[in-house]
$ cat run28.cif   # mmCIF, C-alpha atoms
data_my_file
loop_
_atom_site.label_atom_id
_atom_site.label_comp_id
_atom_site.auth_asym_id
_atom_site.auth_seq_id
_atom_site.Cartn_x
_atom_site.Cartn_y
_atom_site.Cartn_z
CA GLY H 1 56.34 118.18 168.00
CA ALA H 2 56.98 120.84 165.41
CA VAL H 3 53.94 121.56 163.26
CA VAL H 4 53.91 123.24 159.87
CA SER H 5 50.71 124.30 158.18
CA GLN H 6 50.03 125.21 154.60
CA HIS H 7 47.18 127.11 153.06
CA PRO H 8 45.33 126.45 150.87
CA SER H 9 45.40 122.67 150.75
CA TRP H 10 44.20 122.72 147.19
CA VAL H 11 43.50 125.39 144.61
CA ILE H 12 42.22 125.51 141.07
CA CYS H 13 43.01 128.58 139.03
CA LYS H 14 42.82 129.72 135.45
CA SER H 15 45.84 130.02 133.24
CA GLY H 16 47.49 133.42 133.55
CA THR H 17 46.42 134.12 137.10
CA SER H 18 48.63 134.15 140.20
CA VAL H 19 48.31 131.95 143.24
CA LYS H 20 49.76 132.52 146.70
CA ILE H 21 50.55 129.62 149.03
CA GLU H 22 51.29 130.20 152.70
CA CYS H 23 53.53 128.12 154.91
CA ARG H 24 53.48 128.65 158.67
CA SER H 25 55.41 127.15 161.55
CA LEU H 26 52.85 126.90 164.33
CA ASP H 27 54.82 126.24 167.47
CA PHE H 28 58.37 127.22 166.66
CA GLN H 29 60.34 129.85 164.85
CA ALA H 30 61.68 128.86 161.47
CA THR H 31 64.56 130.89 160.17
CA THR H 32 64.84 128.60 157.18
CA MET H 33 62.02 127.14 155.15
CA PHE H 34 62.16 125.13 151.95
CA TRP H 35 59.77 124.93 149.04
CA TYR H 36 59.43 121.72 147.04
CA ARG H 37 57.42 120.60 144.05
CA GLN H 38 56.37 117.04 143.40
CA PHE H 39 54.91 115.71 140.15
CA PRO H 40 53.02 112.40 140.14
CA LYS H 41 55.21 109.37 140.79
CA GLN H 42 58.29 111.56 141.07
CA SER H 43 60.52 112.67 143.87
CA LEU H 44 60.29 115.91 145.79
CA MET H 45 62.33 118.51 143.96
CA LEU H 46 63.68 121.44 145.91
CA MET H 47 62.68 124.73 144.35
CA ALA H 48 64.17 127.23 146.75
CA THR H 49 65.43 127.91 150.23
CA SER H 50 63.70 130.69 152.07
CA ASN H 51 65.55 132.55 154.81
CA GLU H 52 63.80 134.99 157.08
CA GLY H 53 64.67 138.57 156.28
CA SER H 54 66.67 137.84 153.15
CA LYS H 55 66.17 136.87 149.53
CA ALA H 56 65.36 133.28 148.72
CA THR H 57 67.96 131.06 147.10
CA TYR H 58 66.59 129.30 144.04
CA GLU H 59 67.71 125.97 142.64
CA GLN H 60 69.03 125.76 139.15
CA GLY H 61 66.27 125.86 136.58
CA VAL H 62 63.67 127.46 138.86
CA GLU H 63 62.55 130.88 137.63
CA LYS H 64 62.71 133.32 140.51
CA ASP H 65 60.46 135.81 138.73
CA LYS H 66 57.78 133.19 138.29
CA PHE H 67 57.95 131.68 141.76
CA LEU H 68 58.10 134.57 144.18
CA ILE H 69 59.09 133.71 147.71
CA ASN H 70 58.74 135.97 150.71
CA HIS H 71 59.84 135.08 154.23
CA ALA H 72 58.85 138.17 156.14
CA SER H 73 58.61 136.67 159.60
CA LEU H 74 60.00 133.77 161.59
CA THR H 75 56.76 131.84 161.21
CA LEU H 76 55.58 132.60 157.70
CA SER H 77 56.90 132.03 154.20
CA THR H 78 54.83 132.51 151.07
CA LEU H 79 55.21 131.18 147.55
CA THR H 80 53.43 133.00 144.76
CA VAL H 81 53.12 131.28 141.41
CA THR H 82 52.77 134.12 138.94
CA SER H 83 51.07 133.82 135.57
CA ALA H 84 50.34 130.18 136.20
CA HIS H 85 50.16 127.73 133.31
CA PRO H 86 48.87 124.16 133.19
CA GLU H 87 52.43 122.82 133.41
CA ASP H 88 52.69 124.46 136.84
CA SER H 89 50.02 122.09 138.12
CA SER H 90 51.72 120.11 140.86
CA PHE H 91 51.90 119.32 144.56
CA TYR H 92 53.76 122.11 146.34
CA ILE H 93 55.16 121.28 149.77
CA CYS H 94 56.93 123.53 152.21
CA SER H 95 59.10 122.50 155.09
CA ALA H 96 60.82 124.15 157.99
CA ARG H 97 64.25 123.28 159.21
CA ASP H 98 64.51 121.76 162.67
CA PRO H 99 65.20 124.68 165.02
CA SER H 100 67.57 122.54 167.05
CA GLY H 101 70.00 122.59 164.14
CA SER H 102 69.73 119.08 162.74
CA TYR H 103 69.11 118.26 159.09
CA GLU H 104 65.57 117.11 159.87
CA GLN H 105 62.81 119.08 158.21
CA TYR H 106 59.16 119.32 159.22
CA PHE H 107 56.79 119.27 156.29
CA GLY H 108 53.55 121.07 155.71
CA PRO H 109 50.60 119.07 154.37
CA GLY H 110 51.13 120.36 150.84
CA THR H 111 49.08 122.37 148.37
CA ARG H 112 47.71 120.75 145.26
CA LEU H 113 47.60 123.30 142.46
CA THR H 114 45.61 122.71 139.30
CA VAL H 115 45.84 125.28 136.54
CA THR H 116 43.13 125.02 133.90
CA ARG A 1 73.49 110.65 137.88
CA LYS A 2 70.81 111.22 140.51
CA GLU A 3 72.00 112.06 144.00
CA VAL A 4 69.77 109.45 145.59
CA GLU A 5 68.55 106.37 143.77
CA GLN A 6 65.98 103.88 144.90
CA ASP A 7 64.34 100.78 143.52
CA PRO A 8 60.83 102.06 142.80
CA GLY A 9 59.26 98.66 143.46
CA PRO A 10 56.48 97.97 143.97
CA PHE A 11 57.11 95.41 146.66
CA ASN A 12 53.92 93.44 147.16
CA VAL A 13 54.08 91.38 150.34
CA PRO A 14 51.60 89.51 152.51
CA GLU A 15 50.86 90.59 156.03
CA GLY A 16 53.46 89.36 158.46
CA ALA A 17 56.21 89.16 155.86
CA THR A 18 59.58 90.88 156.03
CA VAL A 19 60.49 93.31 153.29
CA ALA A 20 63.77 95.09 152.75
CA PHE A 21 65.06 97.57 150.22
CA ASN A 22 68.02 99.84 149.68
CA CYS A 23 68.95 103.17 148.30
CA THR A 24 72.28 104.49 147.11
CA TYR A 25 73.65 107.99 147.29
CA SER A 26 76.29 109.55 145.13
CA ASN A 27 77.90 112.15 147.35
CA SER A 28 80.46 110.73 149.72
CA ALA A 29 80.28 113.93 151.78
CA SER A 30 76.69 113.20 152.77
CA GLN A 31 76.19 113.78 156.45
CA SER A 32 72.67 112.88 157.45
CA PHE A 33 70.38 110.11 156.38
CA PHE A 34 66.69 109.53 156.85
CA TRP A 35 63.81 107.36 155.82
CA TYR A 36 60.56 109.23 155.29
CA ARG A 37 57.20 107.70 154.61
CA GLN A 38 54.79 109.28 152.14
CA ASP A 39 51.19 108.20 151.75
CA CYS A 40 49.32 108.92 148.56
CA ARG A 41 48.72 112.64 148.04
CA LYS A 42 50.14 113.50 151.45
CA GLU A 43 53.29 115.10 152.76
CA PRO A 44 56.37 113.07 153.76
CA LYS A 45 56.60 112.09 157.39
CA LEU A 46 59.82 111.15 159.14
CA LEU A 47 60.01 107.43 159.78
CA MET A 48 63.49 107.33 161.26
CA SER A 49 66.92 108.80 161.09
CA VAL A 50 69.71 106.46 160.05
CA TYR A 51 72.90 106.28 162.08
CA SER A 52 76.25 104.78 161.23
CA SER A 53 75.83 102.04 163.79
CA GLY A 54 72.43 101.09 162.45
CA ASN A 55 69.27 101.59 164.40
CA GLU A 56 65.97 99.96 165.10
CA ASP A 57 62.56 101.38 165.87
CA GLY A 58 60.04 98.70 166.60
CA ARG A 59 59.56 96.66 163.44
CA PHE A 60 61.78 98.94 161.39
CA THR A 61 65.54 98.58 161.09
CA ALA A 62 67.78 100.95 159.18
CA GLN A 63 71.39 100.40 158.20
CA LEU A 64 73.99 102.72 156.73
CA ASN A 65 77.01 101.57 154.77
CA ARG A 66 79.23 104.57 154.18
CA ALA A 67 81.89 102.62 152.30
CA SER A 68 79.41 101.44 149.70
CA GLN A 69 77.21 104.51 150.02
CA TYR A 70 73.94 102.77 150.57
CA ILE A 71 71.17 102.82 153.13
CA SER A 72 68.72 100.05 153.82
CA LEU A 73 65.35 99.72 155.46
CA LEU A 74 63.88 96.48 156.72
CA ILE A 75 60.31 96.09 157.85
CA ARG A 76 59.46 93.03 159.91
CA ASP A 77 55.99 91.58 160.50
CA SER A 78 54.45 93.84 157.86
CA LYS A 79 51.09 95.40 158.59
CA LEU A 80 48.49 96.60 156.13
CA SER A 81 49.17 100.10 157.44
CA ASP A 82 52.78 99.87 156.28
CA SER A 83 51.59 100.26 152.69
CA ALA A 84 53.16 103.51 151.53
CA THR A 85 56.02 104.98 149.56
CA TYR A 86 59.28 105.08 151.47
CA LEU A 87 61.61 107.92 150.63
CA CYS A 88 65.34 107.73 151.13
CA VAL A 89 66.60 111.18 152.09
CA VAL A 90 70.15 112.42 152.36
CA GLY A 91 71.53 115.66 153.75
CA VAL A 92 74.71 116.79 152.06
CA SER A 93 75.60 120.40 152.11
CA ASN A 94 76.29 122.84 154.87
CA ASP A 95 73.11 124.70 153.99
CA TYR A 96 71.04 121.79 155.30
CA LYS A 97 69.37 120.91 152.03
CA LEU A 98 67.95 117.43 151.63
CA SER A 99 68.04 115.24 148.54
CA PHE A 100 65.14 112.86 148.05
CA GLY A 101 64.99 109.56 146.30
CA ALA A 102 61.97 108.91 144.12
CA GLY A 103 60.65 106.43 146.65
CA THR A 104 60.04 102.71 146.99
CA THR A 105 56.43 101.63 146.98
CA VAL A 106 55.42 98.91 149.40
CA THR A 107 52.01 97.27 149.31
CA VAL A 108 51.06 94.90 152.10
CA ARG A 109 48.14 92.63 151.28
CA ALA A 110 45.87 90.73 153.63
#
$ encode --input "run28.cif" --output "structure tokens"
Amino acid sequence: GAVVSQHPSWVICKSGTSVKIECRSLDFQATTMFWYRQFPKQSLMLMATSNEGSKATYEQGVEKDKFLINHASLTLSTLTVTSAHPEDSSFYICSARDPSGSYEQYFGPGTRLTVT
Amino acid sequence: RKEVEQDPGPFNVPEGATVAFNCTYSNSASQSFFWYRQDCRKEPKLLMSVYSSGNEDGRFTAQLNRASQYISLLIRDSKLSDSATYLCVVGVSNDYKLSFGAGTTVTVRA
């Protein structure tokens, strides 16, 4: 089956620094990837849609200058949290759209970010 | 109004019991429906897609009622390993985005 990896699985950083999270599709090409954020006991909230070779589409209320997304190849999308603050601490999950064209998405294992 | 709403539970059931719960969705143009399972501090994993005719996968049965805009999941003969949060997920738009419910927590006790 389709496998998506994320790196790192967890990261602790100081306030004001930037953190880059990588999302890779391991055995298929992903033209579309999605980035989500999940706070404790809450639902996954879509942050942005990442399309290979083009600019990401951000959801309302998500600052594109703070959450930089790059989808430079068919197997890699990156999310950079710039000037992180404690309120950015969350579980960040990426997913890749099913290459067969269905709505199904394959999720990475997530990255737990803690900003101190 | 949230796009997908679920009873958060928790549903605490003994092993072997049957447990069922629903979710409702607000957009009548929704096209795809799924149940995902999420364990604590892990990513969601697809449990099953939900089809208009209803479908079954082992001990799990999913139903879709388009007229009333709700989806249900029934778990028969609950196992301890069924303890998890079950996410109701709906695909609406032509850009293949998914909307997630906040999840229903199920705890199966010995």
$ residues_around --input "run28.cif" --residues "Ile71 (chain A)" --least-positions-apart "3" --cutoff "12 Å" --atoms "all atoms listed in the file" --output "JSON, numbers by chain"
{"A": [4, 5, 6, 7, 20, 21, 22, 23, 24, 25, 26, 30, 32, 33, 34, 35, 49, 50, 51, 52, 53, 54, 55, 61, 62, 63, 64, 65, 66, 67, 68, 74, 87, 88, 89, 90, 101]}
$ residues_around --input "run28.cif" --residues "Ala30 (chain H)" --least-positions-apart "4" --cutoff "10 Å" --atoms "all atoms listed in the file" --output "ChimeraX atom specification"
/H:4,24-26,50-52,71,73-77,95-99
$ atom_distance --input "run28.cif" --atom1 "CA of Ser15 (chain H)" --atom2 "CA of Phe67 (chain H)"
14.9 Å
$ residues_around --input "run28.cif" --residues "Val92 (chain A)" --least-positions-apart "2" --cutoff "9 Å" --atoms "only C-alpha atoms" --output "PDB file with C-alpha atoms, in the frame of the given file"
ATOM      1  CA  ASN A  27      77.900 112.150 147.350  1.00  0.00           C
ATOM      2  CA  SER A  28      80.460 110.730 149.720  1.00  0.00           C
ATOM      3  CA  ALA A  29      80.280 113.930 151.780  1.00  0.00           C
ATOM      4  CA  SER A  30      76.690 113.200 152.770  1.00  0.00           C
ATOM      5  CA  GLN A  31      76.190 113.780 156.450  1.00  0.00           C
ATOM      6  CA  SER A  32      72.670 112.880 157.450  1.00  0.00           C
ATOM      7  CA  VAL A  90      70.150 112.420 152.360  1.00  0.00           C
ATOM      8  CA  ASN A  94      76.290 122.840 154.870  1.00  0.00           C
ATOM      9  CA  ASP A  95      73.110 124.700 153.990  1.00  0.00           C
ATOM     10  CA  TYR A  96      71.040 121.790 155.300  1.00  0.00           C
ATOM     11  CA  LYS A  97      69.370 120.910 152.030  1.00  0.00           C
ATOM     12  CA  LEU A  98      67.950 117.430 151.630  1.00  0.00           C
ATOM     13  CA  SER A  99      68.040 115.240 148.540  1.00  0.00           C
TER      14      SER A  99
END
$ atom_distance --input "run28.cif" --atom1 "CA of Glu15 (chain A)" --atom2 "CA of Phe60 (chain A)"
14.8 Å
$ atom_distance --input "run28.cif" --atom1 "CA of Arg59 (chain A)" --atom2 "CA of Gly108 (chain H)"
26.3 Å
$ resolve_selection --input "run28.cif" --expression "the PyMOL selection byres ((chain A) within 7 of (chain H))" --output "PyMOL selection string"
chain A and resi 32+42-44+91+96+100-103
$ resolve_selection --input "run28.cif" --expression "the PyMOL selection byres ((chain A and resi 11) around 8)" --output "list of chain:residue names"
A:Gly9, A:Pro10, A:Asn12, A:Val13, A:Val19, A:Thr104, A:Thr105, A:Val106, A:Thr107
$ closest_residue --input "run28.cif" --among "H:Gln29, H:Leu79, H:Ala72, H:His7" --to "Met47 (chain H)" --atoms "only C-alpha atoms"
H:Leu79
$ axis_aligned_box --input "run28.cif" --around "region 43-50 of chain A" --padding-each-side "5 Å" --output "AutoDock Vina command-line options"
--center_x 61.5 --center_y 110.8 --center_z 157.0 --size_x 26.4 --size_y 18.6 --size_z 18.5
$ resolve_selection --input "run28.cif" --expression "the PyMOL selection byres ((chain A and resi 39) around 9)" --output "PyMOL selection string"
chain A and resi 37-38+40-45+83-86
$ residues_near_point --input "run28.cif" --point "(61.7, 139.5, 148.2)" --cutoff "9 Å" --atoms "all atoms listed in the file" --output "ChimeraX atom specification"
/H:53-56,68-72
